[in-house]
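**Student:** Hey, dropping entry_19.pdb in here, PDB, C-alpha atoms, pLDDT in the B column:
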ATOM      1  CA  ILE A   1       9.833 -37.339  31.122  1.00 69.00           C
ATOM      2  CA  ASN A   2       6.173 -37.909  30.407  1.00 65.00           C
ATOM      3  CA  GLY A   3       4.343 -34.596  30.319  1.00 63.00           C
ATOM      4  CA  HIS A   4       5.728 -31.787  32.437  1.00 64.00           C
ATOM      5  CA  LYS A   5       5.518 -33.504  35.826  1.00 69.00           C
ATOM      6  CA  LEU A   6       7.946 -36.025  37.255  1.00 70.00           C
ATOM      7  CA  GLU A   7       5.168 -37.898  39.047  1.00 72.00           C
ATOM      8  CA  LYS A   8       3.617 -38.802  35.676  1.00 70.00           C
ATOM      9  CA  SER A   9       6.856 -40.458  34.557  1.00 71.00           C
ATOM     10  CA  LEU A  10       8.693 -43.622  35.406  1.00 74.00           C
ATOM     11  CA  ASP A  11      10.817 -43.007  38.489  1.00 82.00           C
ATOM     12  CA  LEU A  12      14.047 -41.219  37.501  1.00 83.00           C
ATOM     13  CA  GLU A  13      16.117 -43.459  39.776  1.00 87.00           C
ATOM     14  CA  ILE A  14      14.862 -46.526  37.876  1.00 88.00           C
ATOM     15  CA  ILE A  15      15.577 -44.841  34.535  1.00 85.00           C
ATOM     16  CA  GLY A  16      19.053 -43.847  35.700  1.00 86.00           C
ATOM     17  CA  LYS A  17      19.810 -47.363  36.948  1.00 89.00           C
ATOM     18  CA  GLU A  18      18.721 -48.889  33.627  1.00 89.00           C
ATOM     19  CA  PHE A  19      20.805 -46.401  31.656  1.00 85.00           C
ATOM     20  CA  SER A  20      23.809 -47.154  33.876  1.00 87.00           C
ATOM     21  CA  ASN A  21      23.762 -50.659  32.362  1.00 88.00           C
ATOM     22  CA  ILE A  22      24.605 -49.272  28.930  1.00 85.00           C
ATOM     23  CA  ASN A  23      28.177 -50.364  28.366  1.00 80.00           C
ATOM     24  CA  THR A  24      30.325 -47.878  26.496  1.00 83.00           C
ATOM     25  CA  LYS A  25      33.944 -47.019  26.960  1.00 84.00           C
ATOM     26  CA  TYR A  26      33.620 -43.597  25.322  1.00 89.00           C
ATOM     27  CA  GLY A  27      30.823 -42.133  27.418  1.00 90.00           C
ATOM     28  CA  LYS A  28      27.115 -41.377  27.384  1.00 92.00           C
ATOM     29  CA  PHE A  29      25.971 -37.941  26.277  1.00 94.00           C
ATOM     30  CA  SER A  30      22.665 -36.116  26.420  1.00 93.00           C
ATOM     31  CA  VAL A  31      20.885 -32.808  26.039  1.00 95.00           C
ATOM     32  CA  ILE A  32      17.851 -31.616  27.969  1.00 90.00           C
ATOM     33  CA  GLY A  33      14.454 -31.543  26.280  1.00 88.00           C
ATOM     34  CA  ASN A  34      11.393 -29.420  26.899  1.00 83.00           C
ATOM     35  CA  HIS A  35       9.698 -31.957  29.185  1.00 79.00           C
ATOM     36  CA  ASP A  36      12.918 -32.410  31.182  1.00 81.00           C
ATOM     37  CA  TRP A  37      13.463 -28.751  31.974  1.00 77.00           C
ATOM     38  CA  ARG A  38       9.804 -28.027  32.587  1.00 80.00           C
ATOM     39  CA  ALA A  39       9.448 -30.921  35.031  1.00 78.00           C
ATOM     40  CA  ASN A  40      12.719 -30.611  36.966  1.00 83.00           C
ATOM     41  CA  GLU A  41      15.893 -30.112  34.945  1.00 87.00           C
ATOM     42  CA  LYS A  42      18.205 -30.207  37.968  1.00 91.00           C
ATOM     43  CA  LYS A  43      16.824 -33.563  39.109  1.00 89.00           C
ATOM     44  CA  VAL A  44      17.048 -35.078  35.614  1.00 89.00           C
ATOM     45  CA  ILE A  45      20.672 -33.947  35.252  1.00 92.00           C
ATOM     46  CA  GLU A  46      21.556 -35.058  38.789  1.00 92.00           C
ATOM     47  CA  VAL A  47      20.165 -38.585  38.426  1.00 90.00           C
ATOM     48  CA  LEU A  48      21.471 -39.241  34.925  1.00 91.00           C
ATOM     49  CA  SER A  49      24.876 -37.685  35.681  1.00 93.00           C
ATOM     50  CA  LYS A  50      25.409 -40.008  38.631  1.00 93.00           C
ATOM     51  CA  ASN A  51      24.656 -42.848  36.216  1.00 91.00           C
ATOM     52  CA  GLY A  52      27.378 -41.872  33.766  1.00 91.00           C
ATOM     53  CA  PHE A  53      25.835 -39.225  31.502  1.00 93.00           C
ATOM     54  CA  THR A  54      27.525 -36.012  30.407  1.00 95.00           C
ATOM     55  CA  PHE A  55      25.145 -33.201  29.483  1.00 95.00           C
ATOM     56  CA  LEU A  56      26.122 -31.037  26.537  1.00 97.00           C
ATOM     57  CA  GLN A  57      24.214 -27.782  26.783  1.00 94.00           C
ATOM     58  CA  ASN A  58      25.840 -25.540  24.141  1.00 97.00           C
ATOM     59  CA  LYS A  59      29.184 -27.288  24.558  1.00 97.00           C
ATOM     60  CA  ASN A  60      31.176 -30.227  23.243  1.00 98.00           C
ATOM     61  CA  VAL A  61      33.585 -32.962  24.226  1.00 98.00           C
ATOM     62  CA  LYS A  62      36.551 -34.410  22.373  1.00 97.00           C
ATOM     63  CA  ILE A  63      36.898 -38.181  22.278  1.00 94.00           C
ATOM     64  CA  GLU A  64      40.043 -40.022  21.231  1.00 92.00           C
ATOM     65  CA  ILE A  65      39.291 -43.343  19.508  1.00 88.00           C
ATOM     66  CA  ASN A  66      42.171 -45.426  18.161  1.00 87.00           C
ATOM     67  CA  ASP A  67      44.349 -42.374  17.376  1.00 91.00           C
ATOM     68  CA  LYS A  68      41.388 -40.557  15.802  1.00 92.00           C
ATOM     69  CA  THR A  69      39.410 -37.638  17.196  1.00 95.00           C
ATOM     70  CA  LEU A  70      35.619 -37.376  17.355  1.00 95.00           C
ATOM     71  CA  PHE A  71      33.673 -34.432  18.744  1.00 97.00           C
ATOM     72  CA  ILE A  72      30.250 -34.773  20.342  1.00 97.00           C
ATOM     73  CA  ALA A  73      28.446 -31.438  20.688  1.00 98.00           C
ATOM     74  CA  GLY A  74      25.056 -30.552  22.080  1.00 97.00           C
ATOM     75  CA  VAL A  75      22.752 -27.544  22.088  1.00 97.00           C
ATOM     76  CA  GLU A  76      20.186 -26.364  24.591  1.00 93.00           C
ATOM     77  CA  ASP A  77      16.529 -26.828  23.741  1.00 91.00           C
ATOM     78  CA  MET A  78      15.115 -24.345  21.207  1.00 88.00           C
ATOM     79  CA  GLN A  79      11.963 -23.747  23.243  1.00 85.00           C
ATOM     80  CA  ARG A  80      14.129 -22.244  25.945  1.00 80.00           C
ATOM     81  CA  GLY A  81      15.485 -19.676  23.538  1.00 77.00           C
ATOM     82  CA  SER A  82      19.095 -20.354  24.465  1.00 86.00           C
ATOM     83  CA  THR A  83      20.242 -22.596  21.608  1.00 92.00           C
ATOM     84  CA  ASN A  84      23.741 -21.591  20.523  1.00 96.00           C
ATOM     85  CA  ILE A  85      25.080 -23.768  17.716  1.00 97.00           C
ATOM     86  CA  GLN A  86      28.274 -21.709  17.340  1.00 97.00           C
ATOM     87  CA  LYS A  87      29.139 -22.087  21.027  1.00 98.00           C
ATOM     88  CA  ALA A  88      28.307 -25.804  20.953  1.00 98.00           C
ATOM     89  CA  LEU A  89      30.634 -26.354  17.981  1.00 98.00           C
ATOM     90  CA  GLU A  90      33.439 -24.078  19.199  1.00 98.00           C
ATOM     91  CA  ASN A  91      36.879 -25.574  18.384  1.00 97.00           C
ATOM     92  CA  THR A  92      35.394 -28.700  16.786  1.00 98.00           C
ATOM     93  CA  THR A  93      36.540 -30.300  13.548  1.00 96.00           C
ATOM     94  CA  PRO A  94      35.152 -33.196  11.518  1.00 95.00           C
ATOM     95  CA  PRO A  95      34.000 -35.733  12.429  1.00 95.00           C
ATOM     96  CA  THR A  96      31.480 -34.070  14.737  1.00 97.00           C
ATOM     97  CA  ILE A  97      28.119 -35.330  15.951  1.00 97.00           C
ATOM     98  CA  LEU A  98      25.611 -32.726  17.129  1.00 98.00           C
ATOM     99  CA  LEU A  99      22.864 -33.536  19.651  1.00 98.00           C
ATOM    100  CA  SER A 100      19.720 -31.414  19.691  1.00 97.00           C
ATOM    101  CA  HIS A 101      16.387 -32.111  21.313  1.00 94.00           C
ATOM    102  CA  SER A 102      14.584 -30.508  18.352  1.00 95.00           C
ATOM    103  CA  PRO A 103      15.396 -31.178  14.694  1.00 97.00           C
ATOM    104  CA  ASP A 104      14.337 -27.610  13.786  1.00 96.00           C
ATOM    105  CA  ILE A 105      17.957 -26.453  14.175  1.00 96.00           C
ATOM    106  CA  PHE A 106      19.079 -28.639  11.263  1.00 97.00           C
ATOM    107  CA  PRO A 107      18.979 -25.987   8.494  1.00 96.00           C
ATOM    108  CA  GLU A 108      21.429 -23.901  10.568  1.00 96.00           C
ATOM    109  CA  VAL A 109      23.908 -26.731  11.191  1.00 97.00           C
ATOM    110  CA  PRO A 110      27.226 -26.254   9.329  1.00 96.00           C
ATOM    111  CA  GLU A 111      27.971 -28.805   6.631  1.00 95.00           C
ATOM    112  CA  TYR A 112      31.104 -30.074   8.385  1.00 96.00           C
ATOM    113  CA  VAL A 113      28.920 -31.656  11.104  1.00 97.00           C
ATOM    114  CA  SER A 114      28.856 -35.349  10.218  1.00 95.00           C
ATOM    115  CA  LEU A 115      25.530 -36.212  11.842  1.00 97.00           C
ATOM    116  CA  THR A 116      22.837 -34.407  13.820  1.00 98.00           C
ATOM    117  CA  LEU A 117      20.755 -36.477  16.251  1.00 97.00           C
ATOM    118  CA  ALA A 118      17.370 -35.214  17.437  1.00 96.00           C
ATOM    119  CA  GLY A 119      13.978 -36.205  18.812  1.00 92.00           C
ATOM    120  CA  HIS A 120      11.189 -34.018  20.245  1.00 90.00           C
ATOM    121  CA  LEU A 121       8.578 -34.689  17.560  1.00 85.00           C
ATOM    122  CA  HIS A 122       7.711 -38.272  18.623  1.00 85.00           C
ATOM    123  CA  GLY A 123       7.450 -39.072  14.914  1.00 84.00           C
ATOM    124  CA  GLY A 124       4.095 -37.309  14.907  1.00 84.00           C
ATOM    125  CA  GLN A 125       2.659 -39.943  17.321  1.00 86.00           C
ATOM    126  CA  ILE A 126      -0.441 -40.346  15.176  1.00 89.00           C
ATOM    127  CA  ARG A 127       0.601 -41.025  11.585  1.00 90.00           C
ATOM    128  CA  LEU A 128      -1.940 -41.423   8.820  1.00 92.00           C
ATOM    129  CA  PRO A 129      -1.067 -43.231   5.581  1.00 91.00           C
ATOM    130  CA  PHE A 130      -0.060 -40.845   2.754  1.00 89.00           C
ATOM    131  CA  ILE A 131      -0.246 -37.869   5.156  1.00 87.00           C
ATOM    132  CA  GLY A 132       2.256 -38.600   7.915  1.00 85.00           C
ATOM    133  CA  GLY A 133       2.120 -37.159  11.399  1.00 86.00           C
ATOM    134  CA  ILE A 134      -0.937 -35.067  12.103  1.00 84.00           C
ATOM    135  CA  ILE A 135       0.414 -33.079  15.064  1.00 82.00           C
ATOM    136  CA  ILE A 136       4.053 -32.142  14.640  1.00 88.00           C
ATOM    137  CA  PRO A 137       5.408 -29.229  16.692  1.00 88.00           C
ATOM    138  CA  SER A 138       7.889 -28.183  14.027  1.00 92.00           C
ATOM    139  CA  LYS A 139       7.976 -25.265  11.629  1.00 93.00           C
ATOM    140  CA  PHE A 140       9.053 -27.836   9.018  1.00 94.00           C
ATOM    141  CA  GLY A 141       6.075 -30.178   9.457  1.00 89.00           C
ATOM    142  CA  ASN A 142       6.863 -33.795   8.540  1.00 89.00           C
ATOM    143  CA  LYS A 143      10.205 -32.925   6.889  1.00 93.00           C
ATOM    144  CA  TYR A 144      12.390 -33.957   9.852  1.00 93.00           C
ATOM    145  CA  ALA A 145       9.718 -35.775  11.892  1.00 91.00           C
ATOM    146  CA  ASN A 146      11.418 -39.168  11.935  1.00 90.00           C
ATOM    147  CA  GLY A 147      14.132 -41.239  10.388  1.00 93.00           C
ATOM    148  CA  LEU A 148      17.275 -40.328   8.493  1.00 96.00           C
ATOM    149  CA  THR A 149      17.135 -37.248   6.281  1.00 96.00           C
ATOM    150  CA  GLU A 150      19.945 -36.138   3.985  1.00 96.00           C
ATOM    151  CA  GLU A 151      20.072 -32.537   2.811  1.00 94.00           C
ATOM    152  CA  ASP A 152      22.920 -30.754   1.043  1.00 89.00           C
ATOM    153  CA  GLY A 153      25.364 -33.473   2.097  1.00 89.00           C
ATOM    154  CA  ARG A 154      24.338 -33.203   5.760  1.00 94.00           C
ATOM    155  CA  LYS A 155      22.494 -35.880   7.731  1.00 97.00           C
ATOM    156  CA  ILE A 156      19.998 -35.799  10.572  1.00 97.00           C
ATOM    157  CA  LEU A 157      18.524 -38.784  12.364  1.00 97.00           C
ATOM    158  CA  THR A 158      15.332 -37.957  14.242  1.00 95.00           C
ATOM    159  CA  THR A 159      14.076 -40.670  16.555  1.00 94.00           C
ATOM    160  CA  LYS A 160      10.403 -41.244  17.325  1.00 91.00           C
ATOM    161  CA  GLY A 161      11.513 -41.954  20.878  1.00 87.00           C
ATOM    162  CA  ILE A 162       9.542 -43.977  23.383  1.00 82.00           C
ATOM    163  CA  GLY A 163       7.208 -41.423  24.928  1.00 78.00           C
ATOM    164  CA  THR A 164       4.216 -39.374  23.958  1.00 77.00           C
ATOM    165  CA  SER A 165       3.168 -35.752  24.271  1.00 77.00           C
ATOM    166  CA  MET A 166      -0.251 -34.168  24.734  1.00 73.00           C
ATOM    167  CA  PHE A 167      -2.167 -37.354  23.856  1.00 76.00           C
ATOM    168  CA  GLN A 168      -1.052 -40.612  25.475  1.00 81.00           C
ATOM    169  CA  ILE A 169      -1.500 -42.538  22.243  1.00 86.00           C
ATOM    170  CA  ARG A 170       0.523 -43.654  19.240  1.00 88.00           C
ATOM    171  CA  PHE A 171      -0.968 -44.813  15.951  1.00 92.00           C
ATOM    172  CA  ASN A 172       1.091 -46.156  13.055  1.00 90.00           C
ATOM    173  CA  CYS A 173       4.135 -44.728  14.858  1.00 88.00           C
ATOM    174  CA  PRO A 174       5.759 -47.360  17.068  1.00 93.00           C
ATOM    175  CA  PRO A 175       8.220 -46.198  19.719  1.00 91.00           C
ATOM    176  CA  GLU A 176      11.886 -46.665  18.896  1.00 92.00           C
ATOM    177  CA  ILE A 177      15.358 -46.423  20.314  1.00 88.00           C
ATOM    178  CA  HIS A 178      18.287 -46.179  17.895  1.00 89.00           C
ATOM    179  CA  ILE A 179      21.571 -47.903  18.621  1.00 85.00           C
ATOM    180  CA  ILE A 180      24.321 -46.446  16.481  1.00 84.00           C
ATOM    181  CA  ASP A 181      27.635 -48.252  16.389  1.00 78.00           C
ATOM    182  CA  PHE A 182      30.306 -45.960  14.960  1.00 70.00           C
ATOM    183  CA  ILE A 183      33.205 -48.332  15.340  1.00 62.00           C
TER     184      ILE A 183
END
Hey, can you dump this file as structure tokens for me?
**Tutor:**
Amino acid sequence: INGHKLEKSLDLEIIGKEFSNINTKYGKFSVIGNHDWRANEKKVIEVLSKNGFTFLQNKNVKIEINDKTLFIAGVEDMQRGSTNIQKALENTTPPTILLSHSPDIFPEVPEYVSLTLAGHLHGGQIRLPFIGGIIIPSKFGNKYANGLTEEDGRKILTTKGIGTSMFQIRFNCPPEIHIIDFI
């Protein structure tokens, strides 16, 4: 969602249709971000759900892959004040992947979580050489703003995403979509 209004974004039906073309036999999972819930959370969930997405708001799913078990967990957005990592990870075991809109939860993620995936910061959108992002809505600044970060044996991948926030500009921060093949 671009901004906090659906009418400023690409039509959700078009987005949903494009995402329905993603071929995966194990499912498509998502969490809601601040722009999603401010614009129209119910509509976002409705459209993407009918196109194959499962939303993980403080919950998890168990996936069986070739006689192995993988857990995908997700937390609600921190700006909402309802993030519950413990509830999201309830009854999970390694390997577990945790989805969070904001990377600011990372210091609280237990070490048995194999990978945390996040976004929200748009990589800083405007990145200056030697400085990094100049506007990063994170209490950790540039620390988790983009890319793969390893800390105390834990890993977080924060995508720059494809959108913008506040200013409709990117500089030295190209949009990106990560494709992660675990098998």
**Student:** May I have the residues within 9 Å of Pro175 in chain A as a ChimeraX atom specification, using all atoms listed in the file and disregarding those fewer than 4 positions away in the same chain?
**Tutor:** /A:122-123,125,159-164,170
**Student:** Quick one: residues within 12 Å of Asp152 in chain A, only C-alpha atoms counted, chain neighbours fewer than 5 positions away excluded, as a PyMOL selection string?
**Tutor:** chain A and resi 106-114
**Student:** Here's the selection I'm unsure about, the PyMOL selection byres ((chain A and resi 17-26) around 8); applied to the file above, which residues does it give, as a ChimeraX atom specification?
**Tutor:** /A:13-16,27-28,48,51-52,63
**Student:** Just how far from CA of Asn91 in chain A is CA of Glu76 in chain A, in Å to one decimal?
**Tutor:**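 Distance between the two atoms: 17.8 Å.
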**Student:** Rounded to one decimal in Å, what is the spacing between CA of Ser100 in chain A and CA of Phe130 in chain A?
**Tutor:**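 Taking CA of Ser100 in chain A as the start and CA of Phe130 in chain A as the end point, the length is 27.7 Å.
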**Student:** What does the distance from CA of Thr93 in chain A to CA of Ile32 in chain A come to in Å, to one decimal?
**Tutor:**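 Separating CA of Thr93 in chain A from CA of Ile32 in chain A is a distance of 23.6 Å.
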**Student:** Quick check on the file I pasted: which residues fall under the PyMOL selection byres ((chain A and resi 134-143) around 12)? Write them as an MDAnalysis selection string.
**Tutor:** chainID A and resid 34 78:79 101:107 119:133 144:151 156:158 160 164:167 170:173
**Student:** Taking all listed atoms of range 109-116 of chain A, build the axis-aligned box, pad each of the six sides by 4 Å, then write its centre and edge lengths in Å to one decimal as JSON.
**Tutor:**
{"center_x": 27.0, "center_y": -31.2, "center_z": 10.2, "size_x": 16.3, "size_y": 18.0, "size_z": 15.2}
**Student:** Exactly which residues make up the result of the PyMOL selection byres ((chain A and resi 68) around 12) on this file, given as a count of residues only?
**Tutor:** 14
**Student:** Which one of A:Gln86, A:Ser9, A:Thr92, A:Gln57 sits closest to Gly33 in chain A if you count all atoms listed in the file?
**Tutor:** A:Gln57
**Student:** What's the 10 Å shell around Ala88 in chain A, counting all atoms listed in the file, without same-chain residues fewer than 4 positions away, as a list of chain:residue names?
**Tutor:**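 So, after excluding close chain neighbours, the residues are A:Leu56, A:Gln57, A:Asn58, A:Lys59, A:Asn60, A:Val61, A:Ile72, A:Ala73, A:Gly74, A:Val75, A:Glu76, A:Thr83, A:Asn84, A:Thr92, A:Leu98, A:Leu99.
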**Student:** Write out, as a PDB file, in the coordinates of the input, the residues just selected, with C-alpha atoms.
**Tutor:**
ATOM      1  CA  LEU A  56      26.122 -31.037  26.537  1.00 97.00           C
ATOM      2  CA  GLN A  57      24.214 -27.782  26.783  1.00 94.00           C
ATOM      3  CA  ASN A  58      25.840 -25.540  24.141  1.00 97.00           C
ATOM      4  CA  LYS A  59      29.184 -27.288  24.558  1.00 97.00           C
ATOM      5  CA  ASN A  60      31.176 -30.227  23.243  1.00 98.00           C
ATOM      6  CA  VAL A  61      33.585 -32.962  24.226  1.00 98.00           C
ATOM      7  CA  ILE A  72      30.250 -34.773  20.342  1.00 97.00           C
ATOM      8  CA  ALA A  73      28.446 -31.438  20.688  1.00 98.00           C
ATOM      9  CA  GLY A  74      25.056 -30.552  22.080  1.00 97.00           C
ATOM     10  CA  VAL A  75      22.752 -27.544  22.088  1.00 97.00           C
ATOM     11  CA  GLU A  76      20.186 -26.364  24.591  1.00 93.00           C
ATOM     12  CA  THR A  83      20.242 -22.596  21.608  1.00 92.00           C
ATOM     13  CA  ASN A  84      23.741 -21.591  20.523  1.00 96.00           C
ATOM     14  CA  THR A  92      35.394 -28.700  16.786  1.00 98.00           C
ATOM     15  CA  LEU A  98      25.611 -32.726  17.129  1.00 98.00           C
ATOM     16  CA  LEU A  99      22.864 -33.536  19.651  1.00 98.00           C
TER      17      LEU A  99
END
**Student:** Range 100-126 of chain A from the block above, N, CA and C atoms, as a CSV table (one decimal), in the first residue's frame, please?
**Tutor:**
chain,number,residue,atom,x,y,z
A,100,SER,N,8.0,-10.4,10.2
A,100,SER,CA,7.7,-9.2,11.0
A,100,SER,C,7.7,-8.0,10.0
A,101,HIS,N,6.7,-7.2,10.0
A,101,HIS,CA,6.8,-6.0,9.2
A,101,HIS,C,8.0,-5.1,9.6
A,102,SER,N,8.3,-4.9,10.8
A,102,SER,CA,9.4,-4.1,11.3
A,102,SER,C,10.6,-5.0,11.8
A,103,PRO,N,11.8,-4.6,11.4
A,103,PRO,CA,12.9,-5.3,12.0
A,103,PRO,C,13.2,-5.0,13.4
A,104,ASP,N,12.6,-4.0,14.0
A,104,ASP,CA,12.9,-3.6,15.4
A,104,ASP,C,12.6,-4.7,16.4
A,105,ILE,N,11.9,-5.7,16.0
A,105,ILE,CA,11.7,-6.8,17.0
A,105,ILE,C,12.9,-7.7,17.1
A,106,PHE,N,13.8,-7.6,16.2
A,106,PHE,CA,14.9,-8.6,16.1
A,106,PHE,C,15.7,-8.9,17.4
A,107,PRO,N,16.0,-7.9,18.2
A,107,PRO,CA,16.8,-8.2,19.4
A,107,PRO,C,16.0,-9.0,20.4
A,108,GLU,N,14.7,-9.1,20.3
A,108,GLU,CA,13.8,-9.9,21.2
A,108,GLU,C,13.6,-11.3,20.6
A,109,VAL,N,14.0,-11.6,19.4
A,109,VAL,CA,13.7,-12.9,18.8
A,109,VAL,C,14.6,-14.0,19.4
A,110,PRO,N,14.1,-15.1,19.8
A,110,PRO,CA,14.9,-16.2,20.4
A,110,PRO,C,15.9,-16.7,19.4
A,111,GLU,N,17.0,-17.2,19.9
A,111,GLU,CA,18.1,-17.7,19.0
A,111,GLU,C,17.7,-18.9,18.3
A,112,TYR,N,16.7,-19.7,18.7
A,112,TYR,CA,16.4,-20.8,17.9
A,112,TYR,C,15.6,-20.5,16.6
A,113,VAL,N,15.2,-19.3,16.4
A,113,VAL,CA,14.6,-18.9,15.2
A,113,VAL,C,15.7,-18.8,14.1
A,114,SER,N,15.5,-19.5,13.0
A,114,SER,CA,16.5,-19.7,12.0
A,114,SER,C,16.7,-18.4,11.2
A,115,LEU,N,15.6,-17.7,10.9
A,115,LEU,CA,15.7,-16.5,10.1
A,115,LEU,C,14.5,-15.6,10.3
A,116,THR,N,14.7,-14.3,10.5
A,116,THR,CA,13.7,-13.3,10.6
A,116,THR,C,13.6,-12.5,9.3
A,117,LEU,N,12.4,-12.4,8.8
A,117,LEU,CA,12.3,-11.6,7.5
A,117,LEU,C,11.5,-10.3,7.9
A,118,ALA,N,11.9,-9.2,7.4
A,118,ALA,CA,11.2,-7.9,7.7
A,118,ALA,C,11.3,-6.9,6.5
A,119,GLY,N,10.7,-5.8,6.7
A,119,GLY,CA,10.7,-4.7,5.7
A,119,GLY,C,10.6,-3.4,6.4
A,120,HIS,N,9.5,-2.7,6.1
A,120,HIS,CA,9.1,-1.4,6.8
A,120,HIS,C,10.0,-0.2,6.6
A,121,LEU,N,11.3,-0.4,6.5
A,121,LEU,CA,12.2,0.8,6.5
A,121,LEU,C,12.6,1.3,5.1
A,122,HIS,N,12.1,0.5,4.1
A,122,HIS,CA,12.4,0.9,2.7
A,122,HIS,C,13.9,1.1,2.4
A,123,GLY,N,14.7,0.5,3.2
A,123,GLY,CA,16.2,0.7,3.1
A,123,GLY,C,16.7,2.1,3.4
A,124,GLY,N,15.8,2.9,3.9
A,124,GLY,CA,16.1,4.3,4.1
A,124,GLY,C,15.7,5.3,3.0
A,125,GLN,N,15.3,4.7,1.8
A,125,GLN,CA,14.8,5.3,0.6
A,125,GLN,C,15.8,6.3,0.0
A,126,ILE,N,16.4,7.2,0.8
A,126,ILE,CA,17.4,8.1,0.4
A,126,ILE,C,18.7,7.8,1.1
